[in-house]
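Step one of this worksheet: look at the structure below.
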Amino acid sequence: MDGDAATIRKILTELGDTWAVVGLSTNRGRAAYGVAEVLQRYGKRVVPVHPKAETVHGEQGYASLADIPFPVDVVDVFVNSDLAGPVADEAVRIGARAVWFQLGVVDEEAYDRTRAAGLDMVVDRCPAIEIPRLG
């Protein structure tokens, strides 16, 4: 369920460069802040999604995925596992191409629903760790 190497590579290199990062705020002490910075260094457009809708790393934030007025390729989820399923469901509703649950974020039912809807998905991994491995 965590995502095989082929799925990880596909999400990071083929599915598009607009990443909505759910849980990203201006709090530099949170993992989402550093991961978003790495994604930007690798050419991804990082869109913060947080109730405060703060601008982070120069990108306008939005309170929810549904508020983003342009297409999103990947939804990167930095919320607790018990909150992650509804985020994955919203990613399906907005037409995202993939969902990425960060390290420690696991919801098997959400994984099954998301995959059944045709999206690629990775669970319990970090793109900031995986992307440099691509070479």
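Starting from 1 in every chain, residues are counted up; chains themselves are A, B, ... following the order of the structure tokens, and ligands are numbered from 1 as listed.
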Strand (DSSP E) call set, DSSP backbone run, chain A, as JSON, numbers by chain: {"A": [18, 19, 20, 21, 22, 45, 46, 47, 48, 49, 74, 75, 76, 77, 98, 99, 100, 101, 120, 121, 122]}
Those selected residues, please, written with N, CA, C and O atoms and delivered as a CSV table (one decimal), in the first residue's frame.
chain,number,residue,atom,x,y,z
A,18,THR,N,2.1,20.8,-10.1
A,18,THR,CA,1.4,21.6,-9.2
A,18,THR,C,0.9,20.7,-8.0
A,18,THR,O,0.1,19.8,-8.2
A,19,TRP,N,1.5,21.0,-6.9
A,19,TRP,CA,1.3,20.2,-5.7
A,19,TRP,C,0.6,21.0,-4.6
A,19,TRP,O,1.1,22.0,-4.1
A,20,ALA,N,-0.6,20.6,-4.2
A,20,ALA,CA,-1.3,21.2,-3.1
A,20,ALA,C,-0.8,20.5,-1.8
A,20,ALA,O,-0.8,19.3,-1.7
A,21,VAL,N,-0.2,21.3,-0.9
A,21,VAL,CA,0.3,20.7,0.4
A,21,VAL,C,-0.6,21.0,1.5
A,21,VAL,O,-0.7,22.2,2.0
A,22,VAL,N,-1.4,20.0,1.9
A,22,VAL,CA,-2.4,20.2,2.9
A,22,VAL,C,-1.7,20.2,4.3
A,22,VAL,O,-1.1,19.2,4.7
A,45,ARG,N,5.4,23.5,-8.2
A,45,ARG,CA,4.7,24.6,-7.7
A,45,ARG,C,4.0,24.1,-6.4
A,45,ARG,O,3.2,23.2,-6.5
A,46,VAL,N,4.2,24.7,-5.3
A,46,VAL,CA,3.7,24.3,-4.0
A,46,VAL,C,2.5,25.2,-3.6
A,46,VAL,O,2.8,26.4,-3.5
A,47,VAL,N,1.4,24.7,-3.5
A,47,VAL,CA,0.2,25.5,-3.1
A,47,VAL,C,-0.2,25.2,-1.6
A,47,VAL,O,-0.6,24.0,-1.4
A,48,PRO,N,0.0,26.1,-0.7
A,48,PRO,CA,-0.4,25.8,0.7
A,48,PRO,C,-1.9,25.7,0.9
A,48,PRO,O,-2.7,26.5,0.3
A,49,VAL,N,-2.3,24.7,1.6
A,49,VAL,CA,-3.7,24.5,2.0
A,49,VAL,C,-3.7,24.4,3.5
A,49,VAL,O,-3.2,23.4,4.1
A,74,VAL,N,-1.1,16.9,-7.8
A,74,VAL,CA,-0.8,16.1,-6.6
A,74,VAL,C,-1.3,16.7,-5.4
A,74,VAL,O,-1.0,17.9,-5.2
A,75,VAL,N,-1.9,16.0,-4.5
A,75,VAL,CA,-2.3,16.5,-3.2
A,75,VAL,C,-1.4,15.8,-2.1
A,75,VAL,O,-1.4,14.6,-2.0
A,76,ASP,N,-0.5,16.5,-1.5
A,76,ASP,CA,0.4,16.0,-0.5
A,76,ASP,C,-0.2,16.3,0.9
A,76,ASP,O,-0.5,17.5,1.2
A,77,VAL,N,-0.4,15.3,1.7
A,77,VAL,CA,-1.2,15.4,2.9
A,77,VAL,C,-0.4,15.3,4.2
A,77,VAL,O,0.2,14.2,4.5
A,98,ALA,N,-3.1,12.5,-8.3
A,98,ALA,CA,-2.5,11.7,-7.3
A,98,ALA,C,-2.6,12.2,-5.9
A,98,ALA,O,-2.8,13.4,-5.8
A,99,VAL,N,-2.5,11.3,-4.9
A,99,VAL,CA,-2.5,11.7,-3.5
A,99,VAL,C,-1.3,11.1,-2.9
A,99,VAL,O,-0.9,10.0,-3.2
A,100,TRP,N,-0.6,11.9,-2.1
A,100,TRP,CA,0.6,11.5,-1.4
A,100,TRP,C,0.4,11.7,0.1
A,100,TRP,O,0.3,12.8,0.6
A,101,PHE,N,0.3,10.6,0.9
A,101,PHE,CA,0.2,10.7,2.4
A,101,PHE,C,1.6,10.6,2.9
A,101,PHE,O,2.4,9.7,2.6
A,120,ASP,N,-3.4,7.8,-8.7
A,120,ASP,CA,-2.2,7.1,-8.1
A,120,ASP,C,-2.1,7.6,-6.7
A,120,ASP,O,-2.5,8.7,-6.3
A,121,MET,N,-1.5,6.8,-5.8
A,121,MET,CA,-1.4,7.1,-4.4
A,121,MET,C,-0.2,6.5,-3.8
A,121,MET,O,0.2,5.3,-4.1
A,122,VAL,N,0.5,7.3,-2.9
A,122,VAL,CA,1.6,6.8,-2.1
A,122,VAL,C,1.2,7.1,-0.6
A,122,VAL,O,0.6,8.1,-0.3
Ala128 of chain A environment, 6 Å, only C-alpha atoms, sequence neighbours closer than 3 positions dropped, as a PyMOL selection string: chain A and resi 35+38+131
Non-local contacts of Val106 of chain A (10 Å; only C-alpha atoms; under 3 positions in same chain excluded) as an MDAnalysis selection string: chainID A and resid 1:2 80:82 84:85 101:103 109:111 122:125
Would you output that residue set with all heavy atoms, as a CSV table (one decimal), in the first residue's frame?
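result.csv written:
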chain,number,residue,atom,x,y,z
A,1,MET,N,0.8,-1.2,0.0
A,1,MET,CA,0.0,0.0,0.0
A,1,MET,C,0.9,1.3,0.0
A,1,MET,O,0.4,2.3,-0.4
A,1,MET,CB,-0.9,0.0,1.2
A,1,MET,CG,-1.8,1.2,1.3
A,1,MET,SD,-2.8,1.3,2.7
A,1,MET,CE,-1.7,1.7,4.0
A,2,ASP,N,2.1,1.2,0.5
A,2,ASP,CA,2.9,2.4,0.6
A,2,ASP,C,3.3,3.1,-0.7
A,2,ASP,O,3.6,4.2,-0.7
A,2,ASP,CB,4.1,2.2,1.5
A,2,ASP,CG,5.1,1.2,0.9
A,2,ASP,OD1,4.8,0.5,-0.1
A,2,ASP,OD2,6.2,1.2,1.4
A,80,ASN,N,-3.1,14.4,10.4
A,80,ASN,CA,-3.2,13.1,11.1
A,80,ASN,C,-4.0,12.1,10.3
A,80,ASN,O,-4.9,12.4,9.6
A,80,ASN,CB,-3.9,13.3,12.5
A,80,ASN,CG,-3.0,14.2,13.4
A,80,ASN,OD1,-1.8,14.1,13.4
A,80,ASN,ND2,-3.7,14.9,14.3
A,81,SER,N,-3.6,10.9,10.5
A,81,SER,CA,-4.2,9.8,9.7
A,81,SER,C,-5.8,9.8,9.8
A,81,SER,O,-6.5,9.5,8.9
A,81,SER,CB,-3.7,8.4,10.2
A,81,SER,OG,-2.3,8.3,9.9
A,82,ASP,N,-6.3,10.1,11.0
A,82,ASP,CA,-7.8,10.1,11.2
A,82,ASP,C,-8.4,11.3,10.4
A,82,ASP,O,-9.7,11.2,10.2
A,82,ASP,CB,-8.2,10.2,12.6
A,82,ASP,CG,-7.6,11.4,13.4
A,82,ASP,OD1,-6.6,12.0,12.9
A,82,ASP,OD2,-8.1,11.7,14.5
A,84,ALA,N,-7.0,12.3,7.3
A,84,ALA,CA,-6.5,12.1,5.9
A,84,ALA,C,-7.5,11.6,4.9
A,84,ALA,O,-7.5,12.1,3.8
A,84,ALA,CB,-5.3,11.2,5.9
A,85,GLY,N,-8.4,10.7,5.3
A,85,GLY,CA,-9.4,10.2,4.4
A,85,GLY,C,-10.2,11.2,3.7
A,85,GLY,O,-10.4,11.2,2.5
A,101,PHE,N,0.3,10.6,0.9
A,101,PHE,CA,0.2,10.7,2.4
A,101,PHE,C,1.6,10.6,2.9
A,101,PHE,O,2.4,9.7,2.6
A,101,PHE,CB,-0.6,9.5,2.9
A,101,PHE,CG,-2.1,9.6,2.9
A,101,PHE,CD1,-2.7,10.6,2.2
A,101,PHE,CD2,-2.9,8.7,3.5
A,101,PHE,CE1,-4.1,10.7,2.2
A,101,PHE,CE2,-4.2,8.7,3.4
A,101,PHE,CZ,-4.9,9.8,2.8
A,102,GLN,N,2.0,11.6,3.7
A,102,GLN,CA,3.3,11.8,4.3
A,102,GLN,C,3.7,10.7,5.3
A,102,GLN,O,2.8,9.9,5.7
A,102,GLN,CB,3.4,13.1,5.0
A,102,GLN,CG,3.6,14.3,4.0
A,102,GLN,CD,5.0,14.2,3.3
A,102,GLN,OE1,6.0,13.7,3.8
A,102,GLN,NE2,5.0,14.7,2.1
A,103,LEU,N,4.9,10.7,5.7
A,103,LEU,CA,5.4,9.7,6.7
A,103,LEU,C,4.5,9.7,7.9
A,103,LEU,O,4.1,10.8,8.4
A,103,LEU,CB,6.8,10.1,7.1
A,103,LEU,CG,7.9,9.8,6.1
A,103,LEU,CD1,9.2,10.4,6.6
A,103,LEU,CD2,8.0,8.4,5.8
A,109,GLU,N,-8.4,2.5,4.1
A,109,GLU,CA,-9.7,2.6,3.4
A,109,GLU,C,-9.6,3.8,2.4
A,109,GLU,O,-10.2,3.7,1.3
A,109,GLU,CB,-10.8,2.8,4.4
A,109,GLU,CG,-11.1,1.6,5.2
A,109,GLU,CD,-12.2,1.8,6.2
A,109,GLU,OE1,-12.8,2.9,6.3
A,109,GLU,OE2,-12.4,0.8,7.0
A,110,ALA,N,-9.0,4.9,2.8
A,110,ALA,CA,-8.8,6.0,1.9
A,110,ALA,C,-8.0,5.6,0.7
A,110,ALA,O,-8.3,6.1,-0.4
A,110,ALA,CB,-8.2,7.2,2.6
A,111,TYR,N,-6.9,4.8,1.0
A,111,TYR,CA,-6.1,4.3,-0.1
A,111,TYR,C,-7.0,3.6,-1.1
A,111,TYR,O,-6.9,3.8,-2.3
A,111,TYR,CB,-5.0,3.5,0.4
A,111,TYR,CG,-4.1,2.8,-0.7
A,111,TYR,CD1,-3.1,3.5,-1.2
A,111,TYR,CD2,-4.4,1.6,-1.2
A,111,TYR,CE1,-2.3,3.0,-2.2
A,111,TYR,CE2,-3.6,1.0,-2.2
A,111,TYR,CZ,-2.6,1.7,-2.7
A,111,TYR,OH,-1.8,1.2,-3.7
A,122,VAL,N,0.5,7.3,-2.9
A,122,VAL,CA,1.6,6.8,-2.1
A,122,VAL,C,1.2,7.1,-0.6
A,122,VAL,O,0.6,8.1,-0.3
A,122,VAL,CB,2.9,7.5,-2.4
A,122,VAL,CG1,4.0,7.2,-1.5
A,122,VAL,CG2,3.3,7.1,-3.8
A,123,VAL,N,1.5,6.1,0.3
A,123,VAL,CA,1.2,6.2,1.7
A,123,VAL,C,2.5,6.1,2.5
A,123,VAL,O,3.3,5.2,2.2
A,123,VAL,CB,0.1,5.2,2.1
A,123,VAL,CG1,-0.1,5.2,3.6
A,123,VAL,CG2,-1.1,5.4,1.3
A,124,ASP,N,2.6,6.9,3.6
A,124,ASP,CA,3.6,6.8,4.6
A,124,ASP,C,5.0,6.9,4.0
A,124,ASP,O,6.0,6.2,4.3
A,124,ASP,CB,3.5,5.4,5.3
A,124,ASP,CG,4.3,5.3,6.6
A,124,ASP,OD1,4.6,6.4,7.2
A,124,ASP,OD2,4.7,4.2,6.9
A,125,ARG,N,5.2,7.8,3.0
A,125,ARG,CA,6.5,8.2,2.4
A,125,ARG,C,6.6,9.7,2.3
A,125,ARG,O,5.6,10.4,2.5
A,125,ARG,CB,6.5,7.6,1.0
A,125,ARG,CG,6.4,6.1,0.9
A,125,ARG,CD,7.5,5.3,1.5
A,125,ARG,NE,8.6,5.0,0.7
A,125,ARG,CZ,8.8,4.1,-0.2
A,125,ARG,NH1,7.8,3.2,-0.4
A,125,ARG,NH2,9.9,4.0,-0.9
Helix (DSSP H, G or I) per DSSP on the backbone: members of segment 8-126 of chain A, as a VMD selection string: chain A and resid 8 to 13 31 to 41 65 to 67 81 to 94 108 to 116
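Distances here use only C-alpha atoms; by that measure, the residue among A:Gly29, A:Pro71, A:Gly23, A:Gly3 closest to Val87 of chain A is A:Gly23.
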Distance of atom CA of Pro86 of chain A from atom CA of Cys126 of chain A, expressed in Å to one decimal place: 19.8 Å
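For the set A:Arg41, A:Arg113, A:Arg30, A:Arg133, the residue with the smallest atom-to-atom gap to Ala88 of chain A is A:Arg113, counting only C-alpha atoms.
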Length of the atom CA of Asp73 of chain A to atom CA of Gly95 of chain A vector [Å]: 8.1 Å
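You will find atom CA of Ile11 of chain A at 19.7 Å from atom CA of Val79 of chain A.
Of the residues under consideration (A:Ala31, A:Leu83, A:Leu39, A:Ala53), A:Leu39 shows the shortest atom-to-atom contact distance to Glu130 of chain A when counting only C-alpha atoms.
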Who sits within 9 Å of Thr26 of chain A, only C-alpha atoms, same chain under 4 positions skipped, as a CSV table (one decimal) with all heavy atoms, in the first residue's frame:
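File produced: part.csv:
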chain,number,residue,atom,x,y,z
A,30,ARG,N,7.5,23.0,11.3
A,30,ARG,CA,6.7,21.8,10.9
A,30,ARG,C,7.3,21.2,9.7
A,30,ARG,O,7.9,21.9,8.8
A,30,ARG,CB,5.3,22.3,10.5
A,30,ARG,CG,4.5,23.0,11.6
A,30,ARG,CD,4.0,22.1,12.7
A,30,ARG,NE,3.1,21.1,12.1
A,30,ARG,CZ,2.4,20.2,12.8
A,30,ARG,NH1,2.4,20.2,14.1
A,30,ARG,NH2,1.6,19.4,12.1
A,33,TYR,N,6.7,22.5,6.0
A,33,TYR,CA,7.5,23.7,5.6
A,33,TYR,C,8.7,23.3,4.8
A,33,TYR,O,9.0,23.8,3.7
A,33,TYR,CB,7.8,24.6,6.8
A,33,TYR,CG,8.3,26.0,6.4
A,33,TYR,CD1,7.4,27.0,6.2
A,33,TYR,CD2,9.6,26.2,6.2
A,33,TYR,CE1,7.8,28.3,5.8
A,33,TYR,CE2,10.1,27.5,5.8
A,33,TYR,CZ,9.2,28.5,5.6
A,33,TYR,OH,9.7,29.7,5.2
A,54,GLU,N,-2.5,31.0,4.5
A,54,GLU,CA,-1.3,31.9,4.5
A,54,GLU,C,-0.5,31.7,3.3
A,54,GLU,O,-0.5,30.7,2.7
A,54,GLU,CB,-0.4,31.5,5.7
A,54,GLU,CG,-1.1,31.7,7.1
A,54,GLU,CD,-0.3,31.0,8.2
A,54,GLU,OE1,0.2,29.9,8.1
A,54,GLU,OE2,0.0,31.8,9.2
A,55,THR,N,0.2,32.8,2.9
A,55,THR,CA,1.1,32.7,1.8
A,55,THR,C,2.4,32.1,2.4
A,55,THR,O,2.9,32.6,3.4
A,55,THR,CB,1.4,34.1,1.2
A,55,THR,OG1,0.2,34.6,0.7
A,55,THR,CG2,2.5,34.1,0.2
A,56,VAL,N,2.9,31.1,1.7
A,56,VAL,CA,4.1,30.3,2.2
A,56,VAL,C,5.0,30.1,1.0
A,56,VAL,O,4.5,29.7,-0.1
A,56,VAL,CB,3.7,29.0,2.8
A,56,VAL,CG1,5.0,28.3,3.4
A,56,VAL,CG2,2.7,29.1,3.9
A,57,HIS,N,6.3,30.3,1.1
A,57,HIS,CA,7.3,30.2,0.1
A,57,HIS,C,6.8,30.9,-1.2
A,57,HIS,O,7.1,30.5,-2.3
A,57,HIS,CB,7.5,28.7,-0.3
A,57,HIS,CG,8.0,27.9,0.8
A,57,HIS,ND1,9.1,28.2,1.6
A,57,HIS,CD2,7.6,26.7,1.4
A,57,HIS,CE1,9.4,27.3,2.5
A,57,HIS,NE2,8.4,26.4,2.4
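The closest residue to Lys52 of chain A, picked from A:Val92, A:Ala116, A:Leu24, A:Ala5 and counting only C-alpha atoms, is A:Leu24.
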